[in-house]
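Novice: Here it is, the structure, as structure tokens.
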Amino acid sequence: MLRIMLAGAGVAATGGLTACGSGGSGGGSESKVVTFGNNLSDQVPKDAITAALKGFDAKSGGLTVTINTKQHEQYQEQINNYLQGKPDDVLAWFAGYRMRFFADQGLTGDLTDLWGKIGGNYSDALKQASTGSDKKQYFVPFTQYPWGMFYRKSVWQERGYAIPKTLDELVALATKMKADGLIPIAFAQKQGWPGMGTFDQLNFRINGYQFHVDLLAGKENWQDKRVKEVFDTWKRLLPFHQENALGREWQEAAQTLQQKKSGMYLLGAFVGQQFPDAEKDDLDFFPFPEINPEHGTDTVEAPIDGYMMAKKPANKDGALKLLEYLASPEPQLTYLKADPTAVATNKNADTSGYNGLQKKAAEVIKSAKHITQFLDRDTDPGFASEAATNGLIAFIKNPDDIDSVLKGMADQAKNIFK
């Protein structure tokens, strides 16, 4: 039987997450219970992961999954304390740098033996994204989705808009949208992270993939003239962004796209969660246009969501069984039926049921030369939550003060990436 609990009431005095149910409790029932730390708190993805986990009961040999859901941003902010306390047996997280960060600290379980069973389900790129610095695997990919410029096909057809291929064409299009009475680019930054996606697109389009990942890994200087060019370019685009972004959540901005008040929205494919089923076919996207011909559009931001195991799970055997199940096509496709804004990571999953947006997403990801995760997944958690978040907010508040913003980010980076 699947049990669902809201972990909001289980926040410890340290500010970290605590597991509800049997995970980490040391009680006698852990052999039959697997606890599942869930960060999908919005209704659509929460319902989707609940549906995906229901199929585990029939294959688990009598195990029960207890889902402990925590509000998404709080989950990310408190993950460090959570992992050092008594985390759930299996827990949601992200591939890449953020996964390696906790694996390097010995805070998550080694899944290398499990990968001996499930490795055939995944591409080499997905295995690499699941691999720690010690070459062992610590992560099981579940779904993946691209970031891009999303728009409503009906609005563009009615207005005669064409997909921009360059930055100048994007500016010209945004100017036309503004004259037509539309908000050219929907924008929200109340939650702190959405603007990171804009920075990512501009940085790897201007400076290329390698500079981008090196900057986020602390190997490049935030006061470098190449970074200043990113913010100068963003400053050029800001007049076309939705005003008062610091008081708006991404869902509200997405709703302006759905309501045909905005012409474009730079976000992940999860923007489709704010569209009724009857309107999802009207949603489309294009990769952010070229800025520097040297790099073209060879990089795509396509975060990989998936699951890790606690370092010392209360029910290790059950945790491994659940992770093996999550690596199979069935739960991934069940999830996507409820939330068709992402694509399965299992390469053997039947994609014949994908909608048009999913097919395009899969093709864009497949054709990319380089894949990034997202700023707050490609860098140190402390830098993301403090320096990057506060720096981007300061820039949006005062785009004429780029130099002091970058000095602040550079100074914090020097302290964090020693």
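Every chain in the structure tokens takes a letter, A first, then B, and so on in the order presented; its residues are numbered from 1, and the ligands are numbered from 1 following the presented order.
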Could you write out, as a ChimeraX atom specification, all the residues of segment 131-235 of chain A that DSSP marks as alpha helix (DSSP H)?
Specialist: /A:153-159,167-179,194-216,225-235
Novice: Segment 65-164 of chain A near segment 278-293 of chain A within 7 Å: what's each residue's closest atom pair and its distance in Å to one decimal, counting only C-alpha atoms, ordered by chain then ascending residue number, as a Markdown table?
Specialist:
| residue | atom | partner | partner_atom | distance |
| --- | --- | --- | --- | --- |
| A:Gly148 | CA | A:Pro287 | CA | 4.8 |
| A:Met149 | CA | A:Phe285 | CA | 5.2 |
| A:Phe150 | CA | A:Phe285 | CA | 4.1 |
| A:Tyr151 | CA | A:Asp284 | CA | 5.5 |
| A:Arg152 | CA | A:Leu283 | CA | 4.8 |
| A:Lys153 | CA | A:Asp282 | CA | 5.3 |
| A:Ser154 | CA | A:Asp282 | CA | 6.5 |
| A:Pro164 | CA | A:Pro289 | CA | 6.4 |
Novice: Can you spit out the residues from that selection as a compact mmCIF listing (two decimals), in the first residue's frame, using C-alpha atoms?
Specialist:
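For reference, result14.txt as written:
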# COMPACT_ATOMS: atom_id res chain seq x y z
CA GLY A 148 14.00 27.06 -24.12
CA MET A 149 11.83 29.91 -25.34
CA PHE A 150 8.22 28.71 -25.03
CA TYR A 151 5.32 30.24 -26.93
CA ARG A 152 1.77 29.60 -28.08
CA LYS A 153 1.61 28.54 -31.73
CA SER A 154 -1.81 30.09 -32.24
CA PRO A 164 14.39 34.27 -34.24
Novice: Would you work out the distance separating atom CA of Arg98 of chain A from atom CA of Leu375 of chain A, expressed in Å to one decimal?
Specialist: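 Here the two named atoms are 10.0 Å from each other.
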Novice: For Gln210 of chain A, find every residue with an atom within 12 Å (counting only C-alpha atoms), except residues of its own chain fewer than 3 positions away, and show them as number ranges by chain.
Specialist: A: 203-207, 213-217, 219-220, 295, 298-299, 369-372
Novice: Env of Gly247 of chain A: 12 Å cut, atoms = only C-alpha atoms, seq-sep filter 4 positions within chain, self excluded. Answer as an MDAnalysis selection string.
Specialist: chainID A and resid 187:192 242:243 251:253 393 396:397
Novice: Would you tabulate, counting only C-alpha atoms, all residues of segment 335-397 of chain A that have an atom at most 7 Å from an atom of segment 110-126 of chain A, showing the closest pair of atoms and their distance in Å to one decimal, sorted by chain then ascending number, as a tab-separated table?
Specialist:
residue	atom	partner	partner_atom	distance
A:Thr345	CA	A:Tyr122	CA	6.8
A:Asn346	CA	A:Asn121	CA	5.1
A:Lys347	CA	A:Asn121	CA	5.7
A:Asn348	CA	A:Asn121	CA	6.4
Novice: Of the residues A:Val33, A:Val364, A:Ala245, A:Leu182, which is the one nearest to Ala302 of chain A, using only C-alpha atoms?
Specialist: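 Of all the options, A:Val364 lies closest to Ala302 of chain A.
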Novice: From the list A:Ala254, A:Asp403, A:Lys54, A:Val343, which residue is nearest Lys359 of chain A when using only C-alpha atoms?
Specialist: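 Residue with the minimum atom-to-atom distance to Lys359 of chain A: A:Val343.
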Novice: Using only C-alpha atoms, what does the table of segment 44-117 of chain A residues within 10 Å of segment 303-321 of chain A look like, with each row giving the shortest atom pair and its distance in Å to one decimal, sorted by chain and ascending number, as JSON lines?
Specialist:
{"residue": "A:Phe56", "atom": "CA", "partner": "A:Lys321", "partner_atom": "CA", "distance": 9.0}
{"residue": "A:Lys59", "atom": "CA", "partner": "A:Lys321", "partner_atom": "CA", "distance": 9.1}
{"residue": "A:Ser60", "atom": "CA", "partner": "A:Lys321", "partner_atom": "CA", "distance": 7.1}
{"residue": "A:Gly61", "atom": "CA", "partner": "A:Gly318", "partner_atom": "CA", "distance": 9.6}
{"residue": "A:Leu63", "atom": "CA", "partner": "A:Gly318", "partner_atom": "CA", "distance": 7.2}
{"residue": "A:Thr64", "atom": "CA", "partner": "A:Gly318", "partner_atom": "CA", "distance": 9.1}
{"residue": "A:Val65", "atom": "CA", "partner": "A:Gly318", "partner_atom": "CA", "distance": 9.2}
{"residue": "A:Tyr82", "atom": "CA", "partner": "A:Ala310", "partner_atom": "CA", "distance": 10.0}
{"residue": "A:Leu83", "atom": "CA", "partner": "A:Ala310", "partner_atom": "CA", "distance": 7.2}
{"residue": "A:Gln84", "atom": "CA", "partner": "A:Lys311", "partner_atom": "CA", "distance": 9.2}
{"residue": "A:Lys86", "atom": "CA", "partner": "A:Ala310", "partner_atom": "CA", "distance": 8.4}
{"residue": "A:Pro87", "atom": "CA", "partner": "A:Ala310", "partner_atom": "CA", "distance": 6.3}
{"residue": "A:Asp88", "atom": "CA", "partner": "A:Ala310", "partner_atom": "CA", "distance": 6.6}
{"residue": "A:Asp89", "atom": "CA", "partner": "A:Pro313", "partner_atom": "CA", "distance": 4.6}
{"residue": "A:Val90", "atom": "CA", "partner": "A:Met309", "partner_atom": "CA", "distance": 4.6}
{"residue": "A:Leu91", "atom": "CA", "partner": "A:Met308", "partner_atom": "CA", "distance": 5.4}
{"residue": "A:Ala92", "atom": "CA", "partner": "A:Tyr307", "partner_atom": "CA", "distance": 4.5}
{"residue": "A:Trp93", "atom": "CA", "partner": "A:Tyr307", "partner_atom": "CA", "distance": 5.5}
{"residue": "A:Phe94", "atom": "CA", "partner": "A:Asp305", "partner_atom": "CA", "distance": 5.0}
{"residue": "A:Ala95", "atom": "CA", "partner": "A:Ile304", "partner_atom": "CA", "distance": 5.6}
{"residue": "A:Gly96", "atom": "CA", "partner": "A:Ile304", "partner_atom": "CA", "distance": 8.3}
{"residue": "A:Met99", "atom": "CA", "partner": "A:Met308", "partner_atom": "CA", "distance": 8.3}
{"residue": "A:Ala103", "atom": "CA", "partner": "A:Lys311", "partner_atom": "CA", "distance": 9.2}
{"residue": "A:Gly106", "atom": "CA", "partner": "A:Lys311", "partner_atom": "CA", "distance": 7.2}
{"residue": "A:Leu107", "atom": "CA", "partner": "A:Lys311", "partner_atom": "CA", "distance": 5.5}
{"residue": "A:Thr108", "atom": "CA", "partner": "A:Lys311", "partner_atom": "CA", "distance": 4.2}
{"residue": "A:Gly109", "atom": "CA", "partner": "A:Lys311", "partner_atom": "CA", "distance": 4.1}
{"residue": "A:Asp110", "atom": "CA", "partner": "A:Lys311", "partner_atom": "CA", "distance": 7.6}
{"residue": "A:Leu111", "atom": "CA", "partner": "A:Met309", "partner_atom": "CA", "distance": 7.8}
{"residue": "A:Asp113", "atom": "CA", "partner": "A:Leu320", "partner_atom": "CA", "distance": 9.8}
{"residue": "A:Leu114", "atom": "CA", "partner": "A:Leu320", "partner_atom": "CA", "distance": 7.2}
Novice: Atom CA of Leu406 of chain A to atom CA of Gly391 of chain A: how many Å, to one decimal?
Specialist: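 Straight-line distance from atom CA of Leu406 of chain A to atom CA of Gly391 of chain A works out to 7.4 Å.
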Novice: Which of segment 190-295 of chain A end up as strand (DSSP E) when DSSP is run on this backbone - answer as a list in words?
Specialist: Ser262, Gly263, Met264, Tyr265, Leu266, Leu267, Gly268, Leu283, Asp284, Phe285 and Phe286 of chain A
Novice: Counting only C-alpha atoms, figure out which residue out of A:Ala186, A:Ala413, A:Phe101, A:Thr351 gets nearest to Ser130 of chain A.
Specialist: A:Phe101
Novice: Using Å and a single decimal, report how far atom CA of Asn221 of chain A sits from atom CA of Leu237 of chain A.
Specialist: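 Computing the Euclidean distance for atom CA of Leu237 of chain A and atom CA of Asn221 of chain A yields 23.6 Å.
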